[in-house]
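Asks: Next comes coords.cif, mmCIF, C-alpha atoms:
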data_my_file
#
loop_
_atom_site.label_atom_id
_atom_site.label_comp_id
_atom_site.auth_asym_id
_atom_site.auth_seq_id
_atom_site.Cartn_x
_atom_site.Cartn_y
_atom_site.Cartn_z
CA MET A 1 41.30 31.32 -66.79
CA GLU A 2 38.30 30.87 -69.00
CA ASN A 3 40.28 28.76 -71.40
CA ASP A 4 40.89 25.91 -69.02
CA ILE A 5 37.56 25.60 -67.30
CA LYS A 6 36.93 22.00 -66.42
CA LEU A 7 34.09 20.41 -64.56
CA SER A 8 34.48 17.16 -62.66
CA GLU A 9 32.30 14.13 -63.31
CA ALA A 10 30.62 14.71 -59.94
CA GLN A 11 29.78 18.29 -60.89
CA LEU A 12 28.41 17.24 -64.25
CA ASP A 13 26.39 14.51 -62.52
CA ALA A 14 24.86 17.04 -60.19
CA LEU A 15 23.99 19.30 -63.10
CA ARG A 16 22.47 16.37 -64.99
CA GLU A 17 20.31 15.77 -61.96
CA VAL A 18 19.19 19.41 -62.00
CA GLY A 19 18.31 18.96 -65.67
CA ASN A 20 16.54 15.72 -64.93
CA ILE A 21 14.27 17.26 -62.33
CA GLY A 22 13.51 20.24 -64.55
CA ALA A 23 12.69 17.95 -67.44
CA ALA A 24 10.50 15.69 -65.30
CA HIS A 25 8.37 18.67 -64.34
CA SER A 26 8.09 20.00 -67.84
CA SER A 27 7.19 16.60 -69.27
CA ALA A 28 4.44 16.26 -66.66
CA ALA A 29 3.11 19.62 -67.85
CA LEU A 30 3.27 18.49 -71.45
CA GLU A 31 1.42 15.26 -70.58
CA GLN A 32 -1.38 17.32 -69.09
CA MET A 33 -1.61 19.51 -72.16
CA THR A 34 -1.57 16.76 -74.74
CA SER A 35 -3.06 13.82 -72.80
CA LYS A 36 -0.22 11.78 -74.28
CA ARG A 37 2.37 9.81 -72.44
CA ILE A 38 5.70 11.61 -72.44
CA THR A 39 9.04 10.02 -71.72
CA ILE A 40 12.28 11.84 -71.13
CA ASN A 41 15.77 10.50 -71.59
CA VAL A 42 18.59 10.97 -69.12
CA PRO A 43 19.80 14.51 -69.63
CA ARG A 44 23.35 15.33 -70.53
CA ALA A 45 25.36 18.18 -69.06
CA TYR A 46 28.53 19.49 -70.64
CA LEU A 47 30.64 22.53 -71.41
CA LEU A 48 30.65 23.69 -74.97
CA PRO A 49 32.64 26.38 -76.81
CA ILE A 50 30.17 29.08 -77.84
CA GLU A 51 31.03 28.76 -81.51
CA GLU A 52 29.90 25.13 -81.46
CA LEU A 53 26.42 25.64 -80.04
CA ALA A 54 24.78 24.80 -83.35
CA SER A 55 26.29 21.33 -83.32
CA VAL A 56 24.07 20.16 -80.46
CA LEU A 57 20.92 20.92 -82.41
CA GLY A 58 21.65 19.10 -85.61
CA LYS A 59 23.29 19.72 -88.95
CA GLU A 60 23.84 23.41 -89.70
CA ASP A 61 21.29 23.46 -92.49
CA ASP A 62 18.63 21.29 -90.83
CA ILE A 63 15.40 23.23 -90.47
CA ILE A 64 14.20 23.54 -86.89
CA VAL A 65 11.62 25.35 -84.86
CA MET A 66 13.24 26.98 -81.87
CA LEU A 67 11.52 28.53 -78.88
CA PHE A 68 13.83 30.81 -77.05
CA PHE A 69 13.63 32.34 -73.57
CA LYS A 70 16.10 34.40 -71.65
CA ILE A 71 16.51 33.44 -68.01
CA PHE A 72 16.48 36.23 -65.45
CA GLY A 73 17.25 36.16 -61.74
CA GLU A 74 20.42 35.45 -59.80
CA VAL A 75 21.93 34.00 -62.91
CA GLU A 76 21.74 34.93 -66.53
CA GLY A 77 21.22 32.34 -69.13
CA SER A 78 18.97 31.11 -71.85
CA ILE A 79 16.67 28.18 -72.26
CA ILE A 80 15.52 26.84 -75.59
CA VAL A 81 13.10 24.18 -76.72
CA THR A 82 13.56 22.85 -80.22
CA PHE A 83 11.60 20.60 -82.52
CA THR A 84 12.04 19.45 -86.05
CA GLU A 85 9.47 20.94 -88.40
CA GLU A 86 7.57 17.65 -88.44
CA GLN A 87 7.55 17.35 -84.67
CA ALA A 88 6.51 20.96 -84.25
CA THR A 89 3.56 20.72 -86.62
CA PHE A 90 2.48 17.41 -85.10
CA LEU A 91 2.46 18.92 -81.64
CA ALA A 92 0.73 22.10 -82.78
CA ASN A 93 -1.95 20.10 -84.61
CA LEU A 94 -2.52 18.01 -81.52
CA LEU A 95 -3.04 21.12 -79.40
CA LEU A 96 -5.19 22.90 -81.94
CA GLY A 97 -7.23 19.80 -82.71
CA LYS A 98 -6.30 19.89 -86.39
CA SER A 99 -5.71 17.18 -88.90
CA GLU A 100 -2.31 15.56 -88.80
CA THR A 101 -1.78 16.02 -92.49
CA ASP A 102 -1.60 19.78 -92.13
CA THR A 103 2.17 20.11 -91.87
CA GLU A 104 2.80 23.73 -92.87
CA MET A 105 4.03 26.09 -90.18
CA ASN A 106 1.88 29.18 -89.76
CA GLU A 107 1.16 31.90 -87.24
CA GLU A 108 -1.53 29.97 -85.44
CA LYS A 109 0.81 27.03 -84.96
CA GLU A 110 3.61 29.33 -83.90
CA SER A 111 1.48 30.80 -81.16
CA ALA A 112 0.33 27.34 -80.02
CA LEU A 113 3.98 26.29 -79.83
CA LYS A 114 4.92 29.43 -77.91
CA GLU A 115 2.29 28.47 -75.38
CA VAL A 116 3.72 24.94 -75.14
CA GLY A 117 7.14 26.47 -74.69
CA ASN A 118 5.89 28.77 -71.98
CA ILE A 119 4.44 25.93 -69.99
CA LEU A 120 7.42 23.60 -70.47
CA VAL A 121 9.96 26.23 -69.60
CA SER A 122 8.07 27.60 -66.61
CA ALA A 123 7.78 24.09 -65.19
CA TYR A 124 11.43 23.44 -65.89
CA LEU A 125 12.67 26.64 -64.28
CA THR A 126 10.36 26.36 -61.29
CA ALA A 127 11.79 22.94 -60.54
CA MET A 128 15.30 24.24 -61.04
CA SER A 129 14.60 27.27 -58.81
CA ASN A 130 13.44 25.03 -55.97
CA LEU A 131 16.62 23.04 -56.26
CA VAL A 132 19.08 25.92 -56.37
CA GLY A 133 17.21 28.09 -53.89
CA PHE A 134 16.78 31.21 -55.98
CA ASN A 135 14.40 32.37 -58.65
CA LEU A 136 14.98 31.62 -62.29
CA LEU A 137 12.42 33.45 -64.39
CA PRO A 138 11.76 33.03 -68.09
CA SER A 139 11.24 35.93 -70.50
CA ILE A 140 8.34 35.88 -72.91
CA PRO A 141 8.77 33.25 -75.64
CA TYR A 142 10.44 34.03 -78.94
CA ILE A 143 10.13 31.70 -81.86
CA ALA A 144 12.26 31.21 -84.93
CA TYR A 145 11.88 28.70 -87.72
CA ASP A 146 14.90 28.32 -89.98
CA MET A 147 18.28 26.66 -90.42
CA VAL A 148 19.97 25.49 -87.21
CA ALA A 149 23.03 27.66 -87.73
CA ALA A 150 20.88 30.75 -88.31
CA VAL A 151 18.51 30.38 -85.37
CA VAL A 152 21.32 29.92 -82.85
CA ASP A 153 23.00 33.19 -83.84
CA PRO A 154 21.19 35.37 -81.27
CA LEU A 155 22.13 32.87 -78.58
CA VAL A 156 25.75 32.77 -79.68
CA ILE A 157 25.81 36.57 -79.77
CA ASP A 158 24.34 36.88 -76.30
CA LEU A 159 26.82 34.48 -74.74
CA SER A 160 29.88 35.38 -76.78
CA GLN A 161 29.99 38.91 -75.42
CA SER A 162 31.06 37.64 -72.04
CA VAL A 163 32.19 34.02 -72.21
CA LYS A 164 33.94 31.43 -74.34
CA TYR A 165 32.15 28.39 -72.95
CA ALA A 166 28.58 27.71 -71.97
CA LEU A 167 27.26 25.15 -69.57
CA VAL A 168 24.66 23.15 -71.42
CA THR A 169 22.04 20.77 -70.09
CA ASP A 170 20.38 18.83 -72.82
CA THR A 171 17.19 16.78 -72.42
CA GLU A 172 15.06 14.99 -74.95
CA PHE A 173 11.42 14.27 -74.45
CA LEU A 174 9.38 11.88 -76.52
CA LEU A 175 5.67 11.89 -77.16
CA ALA A 176 5.35 8.14 -76.84
CA GLU A 177 3.07 7.04 -79.63
CA LYS A 178 4.58 9.11 -82.38
CA ALA A 179 8.13 9.22 -81.12
CA VAL A 180 7.95 12.98 -81.35
CA ALA A 181 11.10 14.28 -79.77
CA GLY A 182 11.86 17.75 -78.59
CA LYS A 183 14.99 19.03 -77.01
CA CYS A 184 15.22 21.35 -74.06
CA LEU A 185 18.56 23.01 -73.44
CA THR A 186 19.78 25.53 -70.90
CA PHE A 187 22.84 27.69 -71.34
CA PHE A 188 24.71 29.46 -68.58
CA GLY A 189 27.86 31.45 -69.12
CA GLY A 190 30.80 32.34 -66.88
CA GLU A 191 29.78 33.72 -63.51
CA SER A 192 26.35 32.20 -63.86
CA PHE A 193 27.48 28.65 -63.96
CA THR A 194 29.75 29.23 -61.00
CA THR A 195 26.65 30.53 -59.19
CA MET A 196 24.72 27.43 -60.24
CA LEU A 197 27.48 25.12 -58.99
CA LYS A 198 27.67 26.95 -55.67
CA ALA A 199 23.92 26.71 -55.28
CA ILE A 200 23.99 22.95 -55.60
CA GLY A 201 27.02 22.68 -53.33
CA MET A 202 29.34 21.59 -56.12
CA HIS A 203 31.68 24.53 -56.42
CA ASP A 204 35.19 23.36 -55.68
CA LYS A 205 36.94 26.65 -54.92
CA MET B 1 34.08 24.27 -101.40
CA ILE B 2 35.88 25.76 -98.40
CA ARG B 3 33.81 26.25 -95.26
CA VAL B 4 34.06 29.50 -93.34
CA GLY B 5 32.75 29.02 -89.79
CA ILE B 6 31.74 31.63 -87.21
CA SER B 7 34.60 34.08 -86.59
CA GLU B 8 36.74 32.58 -89.34
CA ILE B 9 38.48 34.45 -92.14
CA LYS B 10 39.58 32.60 -95.26
CA THR B 11 41.00 33.56 -98.63
CA ALA B 12 41.21 31.57 -101.84
CA SER B 13 41.72 31.96 -105.57
CA HIS B 14 39.72 31.04 -108.66
CA PRO B 15 37.91 28.61 -109.04
CA GLU B 16 37.46 28.02 -105.31
CA ILE B 17 34.15 28.65 -103.56
CA LEU B 18 34.01 29.91 -99.97
CA SER B 19 30.84 28.93 -98.13
CA SER B 20 29.04 29.64 -94.87
CA VAL B 21 25.96 27.67 -93.93
CA GLY B 22 23.04 29.31 -92.18
CA LEU B 23 24.06 32.92 -91.62
CA GLY B 24 21.47 34.34 -89.24
CA SER B 25 22.37 37.67 -87.71
CA CYS B 26 25.98 36.97 -88.62
CA VAL B 27 27.33 38.68 -91.72
CA GLY B 28 29.42 37.15 -94.47
CA ILE B 29 31.79 39.85 -95.73
CA CYS B 30 33.03 38.91 -99.19
CA LEU B 31 35.96 40.86 -100.65
CA TYR B 32 37.50 40.09 -104.02
CA ASP B 33 39.79 41.36 -106.72
CA PRO B 34 38.36 40.41 -110.12
CA THR B 35 41.60 41.38 -111.90
CA ILE B 36 43.68 38.64 -110.29
CA LYS B 37 40.70 36.44 -109.29
CA VAL B 38 41.47 36.24 -105.60
CA GLY B 39 39.00 36.76 -102.78
CA GLY B 40 38.24 36.13 -99.17
CA MET B 41 35.38 35.93 -96.74
CA ALA B 42 34.94 36.80 -93.07
CA HIS B 43 32.01 35.36 -91.08
CA VAL B 44 31.46 37.93 -88.35
CA LEU B 45 29.29 37.70 -85.28
CA LEU B 46 29.45 41.18 -83.74
CA PRO B 47 29.81 44.73 -85.10
CA SER B 48 32.72 46.09 -83.16
CA SER B 49 35.70 44.84 -81.21
CA LYS B 50 34.79 47.50 -78.67
CA SER B 51 31.43 45.86 -77.94
CA GLY B 52 32.77 42.58 -76.55
CA LYS B 53 33.81 42.13 -72.97
CA ILE B 54 36.52 39.68 -73.87
CA ASP B 55 39.24 39.80 -76.46
CA GLY B 56 39.04 37.29 -79.10
CA ASN B 57 39.80 36.34 -82.51
CA PRO B 58 39.71 39.37 -84.87
CA GLY B 59 37.37 37.37 -87.11
CA LYS B 60 34.59 37.77 -84.60
CA PHE B 61 34.02 41.49 -85.18
CA ALA B 62 33.17 43.37 -88.38
CA ASP B 63 35.79 46.08 -87.83
CA THR B 64 38.76 43.88 -86.98
CA ALA B 65 37.73 41.15 -89.41
CA ILE B 66 37.72 43.48 -92.42
CA ASN B 67 41.16 44.77 -91.49
CA ALA B 68 42.50 41.26 -91.03
CA LEU B 69 40.94 40.12 -94.29
CA LEU B 70 42.42 43.08 -96.18
CA GLN B 71 45.82 42.25 -94.78
CA LYS B 72 45.52 38.61 -95.88
CA LEU B 73 44.39 39.65 -99.34
CA GLY B 74 47.31 42.10 -99.53
CA GLU B 75 49.67 39.21 -98.83
CA ASP B 76 47.99 37.32 -101.67
CA GLY B 77 48.83 40.13 -104.06
CA VAL B 78 45.52 41.99 -104.10
CA LEU B 79 45.66 45.76 -104.59
CA MET B 80 43.34 47.91 -102.46
CA LYS B 81 42.12 49.90 -105.45
CA ASN B 82 40.79 46.74 -107.15
CA ILE B 83 38.85 45.37 -104.19
CA LYS B 84 35.09 45.01 -104.38
CA ALA B 85 32.76 43.91 -101.61
CA LYS B 86 29.51 42.04 -101.16
CA LEU B 87 27.62 41.55 -97.93
CA VAL B 88 25.28 38.72 -96.99
CA GLY B 89 23.32 38.04 -93.80
CA GLY B 90 22.51 40.31 -90.87
CA ALA B 91 18.97 39.02 -90.43
CA SER B 92 16.83 39.43 -87.32
CA MET B 93 15.99 35.80 -86.65
CA PHE B 94 13.37 36.56 -84.03
CA ALA B 95 10.91 39.01 -85.48
CA ILE B 96 10.30 41.20 -82.46
CA SER B 97 10.00 44.89 -81.83
CA ASP B 98 12.30 45.22 -78.84
CA SER B 99 15.30 46.47 -80.74
CA ASN B 100 16.99 47.66 -77.56
CA ASP B 101 18.04 44.18 -76.69
CA SER B 102 21.40 43.64 -78.32
CA MET B 103 20.89 39.96 -78.94
CA PHE B 104 17.91 40.57 -81.19
CA SER B 105 19.12 43.63 -83.05
CA MET B 106 22.64 42.55 -83.85
CA GLY B 107 21.96 41.62 -87.47
CA PRO B 108 21.28 45.15 -88.77
CA LYS B 109 24.05 46.51 -86.53
CA ASN B 110 26.53 44.06 -88.04
CA VAL B 111 25.58 45.16 -91.56
CA ALA B 112 25.85 48.86 -90.67
CA ALA B 113 29.23 48.34 -89.02
CA ALA B 114 30.59 46.42 -92.01
CA LYS B 115 29.41 49.16 -94.39
CA ASN B 116 31.04 51.84 -92.24
CA VAL B 117 34.38 50.10 -92.28
CA LEU B 118 34.18 49.46 -96.03
CA THR B 119 33.38 53.11 -96.70
CA SER B 120 36.19 54.31 -94.47
CA ARG B 121 38.62 52.06 -96.36
CA GLY B 122 37.30 53.32 -99.69
CA ILE B 123 35.96 49.93 -100.79
CA LYS B 124 33.05 49.82 -103.18
CA LEU B 125 30.00 47.78 -102.13
CA ASP B 126 29.06 45.83 -105.22
CA GLY B 127 26.05 43.98 -103.89
CA GLU B 128 24.26 42.89 -100.76
CA HIS B 129 21.59 40.49 -99.59
CA THR B 130 21.02 41.56 -96.01
CA GLY B 131 18.40 42.15 -93.33
CA GLY B 132 15.01 40.46 -93.19
CA SER B 133 14.36 37.52 -90.91
CA GLN B 134 15.67 34.59 -92.91
CA GLY B 135 18.77 32.49 -92.50
CA ARG B 136 21.07 32.39 -95.53
CA THR B 137 23.60 29.95 -96.86
CA VAL B 138 26.20 31.71 -98.96
CA GLU B 139 28.48 30.42 -101.69
CA PHE B 140 31.06 32.93 -102.78
CA HIS B 141 32.87 32.30 -106.07
CA VAL B 142 36.05 34.17 -105.25
CA GLY B 143 37.32 34.49 -108.81
CA THR B 144 34.27 36.20 -110.24
CA GLY B 145 32.65 37.71 -107.16
CA ARG B 146 29.49 35.76 -107.89
CA VAL B 147 27.55 35.11 -104.69
CA VAL B 148 24.80 32.50 -104.51
CA ILE B 149 22.39 32.80 -101.59
CA LYS B 150 20.12 29.99 -100.46
CA THR B 151 17.33 30.52 -97.97
CA MET B 152 14.71 28.08 -96.73
CA VAL B 153 12.44 29.12 -99.60
CA CYS B 154 14.57 30.24 -102.53
CA THR B 155 17.94 30.61 -104.19
CA THR B 156 19.16 33.97 -105.49
CA GLU B 157 22.35 35.46 -106.77
CA ILE B 158 24.10 38.80 -106.43
#
Go ahead and express the file in the form of structure tokens.
Replies:
Amino acid sequence: MENDIKLSEAQLDALREVGNIGAAHSSAALEQMTSKRITINVPRAYLLPIEELASVLGKEDDIIVMLFFKIFGEVEGSIIVTFTEEQATFLANLLLGKSETDTEMNEEKESALKEVGNILVSAYLTAMSNLVGFNLLPSIPYIAYDMVAAVVDPLVIDLSQSVKYALVTDTEFLLAEKAVAGKCLTFFGGESFTTMLKAIGMHDK
Amino acid sequence: MIRVGISEIKTASHPEILSSVGLGSCVGICLYDPTIKVGGMAHVLLPSSKSGKIDGNPGKFADTAINALLQKLGEDGVLMKNIKAKLVGGASMFAISDSNDSMFSMGPKNVAAAKNVLTSRGIKLDGEHTGGSQGRTVEFHVGTGRVVIKTMVCTTEI
């Protein structure tokens, strides 16, 4: 059955809307933190074979900073926030009040970014929880900084033990002046995305 | 250069290079026969076919992947007694202490599982570049067994 999972356009639309509302809340939180204007693009929602997760984040050997959270509650999933190295250091410098020319990643920046991630993801999941009517809670943040293909491994491992496809919502937010973009993605496998669809009244069985 | 993606198993002969980009907690299992210059690589995600809830491609698990790779190499004329092995990958990408959570501790488990299977099949481990917390790109020269490893910061060879 898993092999021929298909979602209708209407279902994907509804999921995009869920992503949109989550992203709107997290961008508002990021605006407060940075005092910069943040814009978000229209999120995408799609099903993706687990083995291809890396492809949504860039080329396999692109270096990225990835903040990772497990989602607990009625559903199980993951939520990640990713930045390029340049975007991540720019954002961390902004929060730490450091010079923009300091572009090396270090522990201080990592912990500033974890805090950003915490706030973004909490806002995102709170908005999503209100919409679906049950709690979605984030774990503590984990951070990895390496090649795209390498940092997604734990995610692939987590999902691949139970499902072949993941439901992905994919949002980009831009820090206006610098065009700093980050991506926020959620992943739900199997039963969990059925639960999500039911919760938004879009389950067709 | 022939790409070996997640859960894939490929064999080739000299002077081909088999490559996987960005191994994180995945392990690249490289087996080769230097006498006839034929080798193969499996890019495994999980330690054991018993650990997954769903069946899948044998290439996904260390145990079934090594068996499948040995069978392919046998078809290519490789003799068991000549086979040597090298292992690359099995990092812990998120440096955290909670090793009870399977998604964070899979790297070292993958390496241990691969070693177990190799030992049980009587295959000599000729080199490894495993563990740590760095992603690795691997280029495996099947004819010679030379393995070049590139991380974010350096390039090494085993």
Asks: Considering all atoms listed in the file, can you say which of B:Lys150, B:His141, B:His43, B:Lys60 comes closest to B:Gly90?
Replies: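 Comparing B:Lys150, B:His141, B:His43, B:Lys60 against B:Gly90, the winner is B:His43.
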Asks: As a short mmCIF file (atom, residue, chain, number, x, y, z; two decimals) with C-alpha atoms, in the coordinates of the input, please: the residues near B:Leu79 (cut-off 12 Å, only C-alpha atoms, same-chain neighbours under 5 positions excluded).
Replies:
data_model
loop_
_atom_site.label_atom_id
_atom_site.label_comp_id
_atom_site.auth_asym_id
_atom_site.auth_seq_id
_atom_site.Cartn_x
_atom_site.Cartn_y
_atom_site.Cartn_z
CA LEU B 31 35.96 40.86 -100.65
CA TYR B 32 37.50 40.09 -104.02
CA ASP B 33 39.79 41.36 -106.72
CA PRO B 34 38.36 40.41 -110.12
CA THR B 35 41.60 41.38 -111.90
CA ILE B 36 43.68 38.64 -110.29
CA LYS B 37 40.70 36.44 -109.29
CA VAL B 38 41.47 36.24 -105.60
CA GLY B 39 39.00 36.76 -102.78
CA LEU B 70 42.42 43.08 -96.18
CA GLN B 71 45.82 42.25 -94.78
CA LYS B 72 45.52 38.61 -95.88
CA LEU B 73 44.39 39.65 -99.34
CA GLY B 74 47.31 42.10 -99.53
CA LYS B 84 35.09 45.01 -104.38
CA ILE B 123 35.96 49.93 -100.79
#
Asks: I'd like a table as CSV: residues in chain A with an atom no more than 6 Å from chain B, each row giving the shortest atom pair and its distance in Å to one decimal, only C-alpha atoms counted, sorted by chain and rising residue number.
Replies:
residue,atom,partner,partner_atom,distance
A:Ala144,CA,B:Phe94,CA,5.5
A:Met147,CA,B:Gly22,CA,5.7
A:Ala149,CA,B:Gly22,CA,4.7
A:Ala150,CA,B:Gly24,CA,3.8
A:Asp153,CA,B:Gly24,CA,5.7
A:Pro154,CA,B:Met103,CA,5.2
A:Asp158,CA,B:Met103,CA,5.3
A:Gln161,CA,B:Gly52,CA,4.7
A:Ser162,CA,B:Lys53,CA,5.3
Asks: Which value, in Å to one decimal, gives the distance between atom CA of B:Ala113 and atom CA of B:Ile83?
Replies: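 Separation between atom CA of B:Ala113 and atom CA of B:Ile83: 18.2 Å.
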Asks: Which residues fall under the PyMOL selection byres ((chain A and resi 127) around 12) in this file, as a PyMOL selection string?
Replies: chain A and resi 17-29+120-126+128-137
Asks: Please write as a PDB file with C-alpha atoms, in the coordinates of the input the list of polymer residues whose atoms come within 10 Å of (24.2, 18.0, -56.6), counting only C-alpha atoms and keeping to the coordinates of the file.
Replies:
ATOM      1  CA  ALA A  10      30.620  14.710 -59.940  1.00  0.00           C
ATOM      2  CA  GLN A  11      29.780  18.290 -60.890  1.00  0.00           C
ATOM      3  CA  LEU A  12      28.410  17.240 -64.250  1.00  0.00           C
ATOM      4  CA  ASP A  13      26.390  14.510 -62.520  1.00  0.00           C
ATOM      5  CA  ALA A  14      24.860  17.040 -60.190  1.00  0.00           C
ATOM      6  CA  LEU A  15      23.990  19.300 -63.100  1.00  0.00           C
ATOM      7  CA  ARG A  16      22.470  16.370 -64.990  1.00  0.00           C
ATOM      8  CA  GLU A  17      20.310  15.770 -61.960  1.00  0.00           C
ATOM      9  CA  VAL A  18      19.190  19.410 -62.000  1.00  0.00           C
ATOM     10  CA  LEU A 131      16.620  23.040 -56.260  1.00  0.00           C
ATOM     11  CA  VAL A 132      19.080  25.920 -56.370  1.00  0.00           C
ATOM     12  CA  LEU A 197      27.480  25.120 -58.990  1.00  0.00           C
ATOM     13  CA  LYS A 198      27.670  26.950 -55.670  1.00  0.00           C
ATOM     14  CA  ALA A 199      23.920  26.710 -55.280  1.00  0.00           C
ATOM     15  CA  ILE A 200      23.990  22.950 -55.600  1.00  0.00           C
ATOM     16  CA  GLY A 201      27.020  22.680 -53.330  1.00  0.00           C
ATOM     17  CA  MET A 202      29.340  21.590 -56.120  1.00  0.00           C
ATOM     18  CA  HIS A 203      31.680  24.530 -56.420  1.00  0.00           C
TER      19      HIS A 203
END
Asks: Evaluate the PyMOL selection byres ((chain B and resi 143-148) around 6) against this structure - the residues, as a list in words, please.
Replies: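 After applying the PyMOL selection byres ((chain B and resi 143-148) around 6), what remains is His14, Pro15, Pro34, Lys37, Val38, Val138, Glu139, Phe140, His141, Val142, Ile149, Thr156, Glu157 and Ile158 of chain B.
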Asks: Mind giving me the straight-line distance from atom CA of A:Gly182 to atom CA of A:Glu60 in Å, one decimal?
Replies: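 Atom-to-atom, atom CA of A:Gly182 and atom CA of A:Glu60 are spaced 17.3 Å apart.
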Asks: Residues within 7 Å of A:Gly189, please, as a PDB file with C-alpha atoms, in the coordinates of the input. Count all atoms listed in the file; anything in the same chain fewer than 5 positions from it doesn't count.
Replies:
ATOM      1  CA  GLY A  77      21.220  32.340 -69.130  1.00  0.00           C
ATOM      2  CA  LEU A 159      26.820  34.480 -74.740  1.00  0.00           C
ATOM      3  CA  VAL A 163      32.190  34.020 -72.210  1.00  0.00           C
ATOM      4  CA  TYR A 165      32.150  28.390 -72.950  1.00  0.00           C
ATOM      5  CA  ALA A 166      28.580  27.710 -71.970  1.00  0.00           C
ATOM      6  CA  LEU A 167      27.260  25.150 -69.570  1.00  0.00           C
TER       7      LEU A 167
END
Asks: Just give me the gap between atom CA of B:Pro108 and atom CA of A:Leu48 in Å, one decimal is fine.
Replies: 27.2 Å
Asks: Fewer than 5 positions away in the same chain doesn't count, so skip those; otherwise give me all residues within 7 Å of B:Gly28, counting all atoms listed in the file, as a short mmCIF file (atom, residue, chain, number, x, y, z; two decimals) with C-alpha atoms, in the frame of the given file.
Replies:
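Result saved to around-v7.cif:
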data_model
loop_
_atom_site.label_atom_id
_atom_site.label_comp_id
_atom_site.auth_asym_id
_atom_site.auth_seq_id
_atom_site.Cartn_x
_atom_site.Cartn_y
_atom_site.Cartn_z
CA MET B 41 35.38 35.93 -96.74
CA ALA B 42 34.94 36.80 -93.07
CA HIS B 43 32.01 35.36 -91.08
CA VAL B 44 31.46 37.93 -88.35
CA LEU B 87 27.62 41.55 -97.93
CA VAL B 88 25.28 38.72 -96.99
CA GLY B 89 23.32 38.04 -93.80
#
Asks: Report the residues retrieved by the PyMOL selection byres ((chain A and resi 172) around 10) from the displayed file, expressed as an MDAnalysis selection string.
Replies: chainID A and resid 23 27 39:44 81:82 170:171 173:174 180:185
Asks: How big is the axis-aligned box, and where does its centre sit, when it encloses all atoms of stretch 68-82 of chain B listed in the file and has 6 Å added on every side, reported in Å to one decimal as AutoDock Vina command-line options?
Replies:
--center_x 45.2 --center_y 43.6 --center_z -99.1 --size_x 20.9 --size_y 24.6 --size_z 28.1
Asks: Please produce, as a Markdown table, a per-residue contact table for stretch 138-198 of chain A versus stretch 110-119 of chain A (criterion: any atom at most 8 Å away, all atoms listed in the file considered), showing the nearest atom pair and its distance in Å to one decimal, sorted by chain then residue number.
Replies:
| residue | atom | partner | partner_atom | distance |
| --- | --- | --- | --- | --- |
| A:Ile140 | CA | A:Asn118 | CA | 7.6 |
| A:Pro141 | CA | A:Lys114 | CA | 5.9 |
| A:Tyr142 | CA | A:Lys114 | CA | 7.3 |
| A:Ile143 | CA | A:Lys114 | CA | 6.9 |
Asks: Save out the residues we just selected, C-alpha atoms, as an mmCIF file, in the coordinates of the input.
Replies:
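So the final result, stored in out.cif, reads:
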data_model
loop_
_atom_site.group_PDB
_atom_site.id
_atom_site.type_symbol
_atom_site.label_atom_id
_atom_site.label_comp_id
_atom_site.auth_asym_id
_atom_site.auth_seq_id
_atom_site.Cartn_x
_atom_site.Cartn_y
_atom_site.Cartn_z
ATOM 1 C CA ILE A 140 8.340 35.880 -72.910
ATOM 2 C CA PRO A 141 8.770 33.250 -75.640
ATOM 3 C CA TYR A 142 10.440 34.030 -78.940
ATOM 4 C CA ILE A 143 10.130 31.700 -81.860
#
Asks: Name the closest residue to A:Leu155 among the candidates A:Ala88, A:Leu53, A:Met105, A:Val168; distances are taken between atoms, counting all atoms listed in the file.
Replies: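 Between A:Ala88, A:Leu53, A:Met105, A:Val168, the residue approaching A:Leu155 most closely is A:Leu53.
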